[in-house]
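Engineer: One structure, as structure tokens, below. Some questions next.
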Amino acid sequence: MSFWRVAGLGRCPRCGQGRLFAGLLSVVPRCAACGLDLSAQDSGDGPAVLGIFVLGALTMIGAFLVEFRLEPPLWVHALLWPALLIPASILTMRFAKAALIALTWRQRGSA
């Protein structure tokens with residue numbers, strides 16, 4: 001299975017079949033399909049940093065565009081940006097976490 005598919009679907013980096021996540025962001029201890037031990041896999045702070053830099057910049061650009069072009073009342077910003085940013089943050093962190101785990105597993109040459 002390709003790297004992009006493993007990262008995008010949140011699958012085991014070895015077999016591509018078992019789930020990588022148990023819940024939103026917690027990694028399963030062992031792949032249900034091939035038995036790969038995933039308990040030691042750690043993506044560190046990379047996914048959070050990616051979310052802060054990428055989503056933070058996109059949100060600020062969007063907020064400025066909405067504010068200066070549409071000039072909505074403040075409550076529109078208060079409803080709009082959390083509704084967009086929370087799901088985008090979770091999806092970004094899941095993808096980045098799966099990608100970093102898959103890349104780490106490949107780099108170490110684990111079989």
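Within each chain, counting starts at residue 1; across the structure tokens, chains are named A, B, ... in the order shown, with ligands numbered 1 upward in that order.
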Do a neighbour search on Pro82 in chain A at 12 Å with only C-alpha atoms, toss out local chain neighbours closer than 4 positions, and write the hits as a PyMOL selection string.

Structural biologist: chain A and resi 55-56+59+63+75-78+86-89

Engineer: Those same residues - N, CA, C and O atoms - I'd like them written as a PDB file, in the first residue's frame.

Structural biologist:
```
ATOM      1  N   LEU A  55      -2.567  25.559   9.545  1.00  0.00           N
ATOM      2  CA  LEU A  55      -3.947  25.982   9.803  1.00  0.00           C
ATOM      3  C   LEU A  55      -4.020  27.373  10.415  1.00  0.00           C
ATOM      4  O   LEU A  55      -4.953  28.129  10.133  1.00  0.00           O
ATOM      5  N   GLY A  56      -3.050  27.708  11.232  1.00  0.00           N
ATOM      6  CA  GLY A  56      -3.027  29.054  11.806  1.00  0.00           C
ATOM      7  C   GLY A  56      -2.888  30.115  10.736  1.00  0.00           C
ATOM      8  O   GLY A  56      -3.608  31.126  10.741  1.00  0.00           O
ATOM      9  N   THR A  59      -6.112  30.195   8.602  1.00  0.00           N
ATOM     10  CA  THR A  59      -7.219  30.799   9.352  1.00  0.00           C
ATOM     11  C   THR A  59      -7.071  32.309   9.432  1.00  0.00           C
ATOM     12  O   THR A  59      -8.055  33.045   9.272  1.00  0.00           O
ATOM     13  N   ALA A  63      -9.685  34.868   7.980  1.00  0.00           N
ATOM     14  CA  ALA A  63     -10.336  35.840   8.866  1.00  0.00           C
ATOM     15  C   ALA A  63     -10.157  37.261   8.350  1.00  0.00           C
ATOM     16  O   ALA A  63     -11.102  38.064   8.390  1.00  0.00           O
ATOM     17  N   TRP A  75     -19.976  38.216  15.984  1.00  0.00           N
ATOM     18  CA  TRP A  75     -20.487  36.876  16.285  1.00  0.00           C
ATOM     19  C   TRP A  75     -20.324  35.920  15.100  1.00  0.00           C
ATOM     20  O   TRP A  75     -20.237  34.712  15.293  1.00  0.00           O
ATOM     21  N   VAL A  76     -20.247  36.436  13.880  1.00  0.00           N
ATOM     22  CA  VAL A  76     -20.016  35.577  12.717  1.00  0.00           C
ATOM     23  C   VAL A  76     -18.626  34.946  12.811  1.00  0.00           C
ATOM     24  O   VAL A  76     -18.466  33.739  12.579  1.00  0.00           O
ATOM     25  N   HIS A  77     -17.644  35.734  13.170  1.00  0.00           N
ATOM     26  CA  HIS A  77     -16.287  35.193  13.365  1.00  0.00           C
ATOM     27  C   HIS A  77     -16.273  34.174  14.505  1.00  0.00           C
ATOM     28  O   HIS A  77     -15.620  33.134  14.404  1.00  0.00           O
ATOM     29  N   ALA A  78     -16.995  34.485  15.575  1.00  0.00           N
ATOM     30  CA  ALA A  78     -17.019  33.611  16.750  1.00  0.00           C
ATOM     31  C   ALA A  78     -17.646  32.259  16.442  1.00  0.00           C
ATOM     32  O   ALA A  78     -17.299  31.255  17.062  1.00  0.00           O
ATOM     33  N   ILE A  86     -11.751  23.434  14.204  1.00  0.00           N
ATOM     34  CA  ILE A  86     -11.686  22.224  15.046  1.00  0.00           C
ATOM     35  C   ILE A  86     -11.653  20.952  14.197  1.00  0.00           C
ATOM     36  O   ILE A  86     -10.754  20.119  14.371  1.00  0.00           O
ATOM     37  N   PRO A  87     -12.593  20.753  13.253  1.00  0.00           N
ATOM     38  CA  PRO A  87     -12.478  19.546  12.415  1.00  0.00           C
ATOM     39  C   PRO A  87     -11.217  19.540  11.550  1.00  0.00           C
ATOM     40  O   PRO A  87     -10.598  18.483  11.373  1.00  0.00           O
ATOM     41  N   ALA A  88     -10.824  20.691  11.037  1.00  0.00           N
ATOM     42  CA  ALA A  88      -9.609  20.750  10.214  1.00  0.00           C
ATOM     43  C   ALA A  88      -8.373  20.391  11.042  1.00  0.00           C
ATOM     44  O   ALA A  88      -7.467  19.722  10.543  1.00  0.00           O
ATOM     45  N   SER A  89      -8.345  20.798  12.292  1.00  0.00           N
ATOM     46  CA  SER A  89      -7.216  20.466  13.167  1.00  0.00           C
ATOM     47  C   SER A  89      -7.133  18.972  13.418  1.00  0.00           C
ATOM     48  O   SER A  89      -6.052  18.380  13.376  1.00  0.00           O
TER      49      SER A  89
END
```

Engineer: How would you write, as a PyMOL selection string, the set of residues in chain A that DSSP gives as helix (DSSP H, G or I)?

Structural biologist: chain A and resi 3-9+46-70+74-108

Engineer: Which one of A:Ala102, A:Ile90, A:Leu70, A:Val6 sits closest to Ala48 in chain A if you count only C-alpha atoms?

Structural biologist: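 The answer is A:Ile90, which sits nearest to Ala48 in chain A.
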
Engineer: Can you work out the spacing between CA of Arg69 in chain A and CA of Leu85 in chain A in Å, to one decimal?

Structural biologist: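 Between CA of Arg69 in chain A and CA of Leu85 in chain A the gap works out to 20.3 Å.
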
Engineer: Find the residues around Asp42 in chain A up to 7 Å (only C-alpha atoms counted), leave out those fewer than 2 positions away in its own chain, and share them as a list in words.

Structural biologist: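 These residues fall inside the cut-off: Ala40, Gly44 and Ile101 of chain A.
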
Engineer: If we count only C-alpha atoms, what is near Thr92 in chain A at a cut-off of 8 Å, once residues fewer than 6 positions away on the same chain are taken out, given as a ChimeraX atom specification?

Structural biologist: /A:47,50-51

Engineer: Using only C-alpha atoms, can you tell me which of A:Leu80, A:Ala32, A:Leu38, A:Met60 comes closest to Ala98 in chain A?

Structural biologist: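 Nearest candidate to Ala98 in chain A out of A:Leu80, A:Ala32, A:Leu38, A:Met60: A:Leu38.
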
Engineer: Any idea what the distance is between CA of Ala96 in chain A and CA of Val27 in chain A?

Structural biologist: 12.7 Å

Engineer: Set the distance at 7 Å and use only C-alpha atoms: which residues neighbour Leu20 in chain A once local chain neighbours fewer than 3 positions away are removed? I'd like the list as a ChimeraX atom specification.

Structural biologist: /A:10-12,27-28

Engineer: Just the residues within 12 Å of Gly35 in chain A, please, counting only C-alpha atoms, with nothing from its chain fewer than 2 positions along; format it as a VMD selection string.

Structural biologist: chain A and resid 12 to 20 28 to 33 37 to 39 111
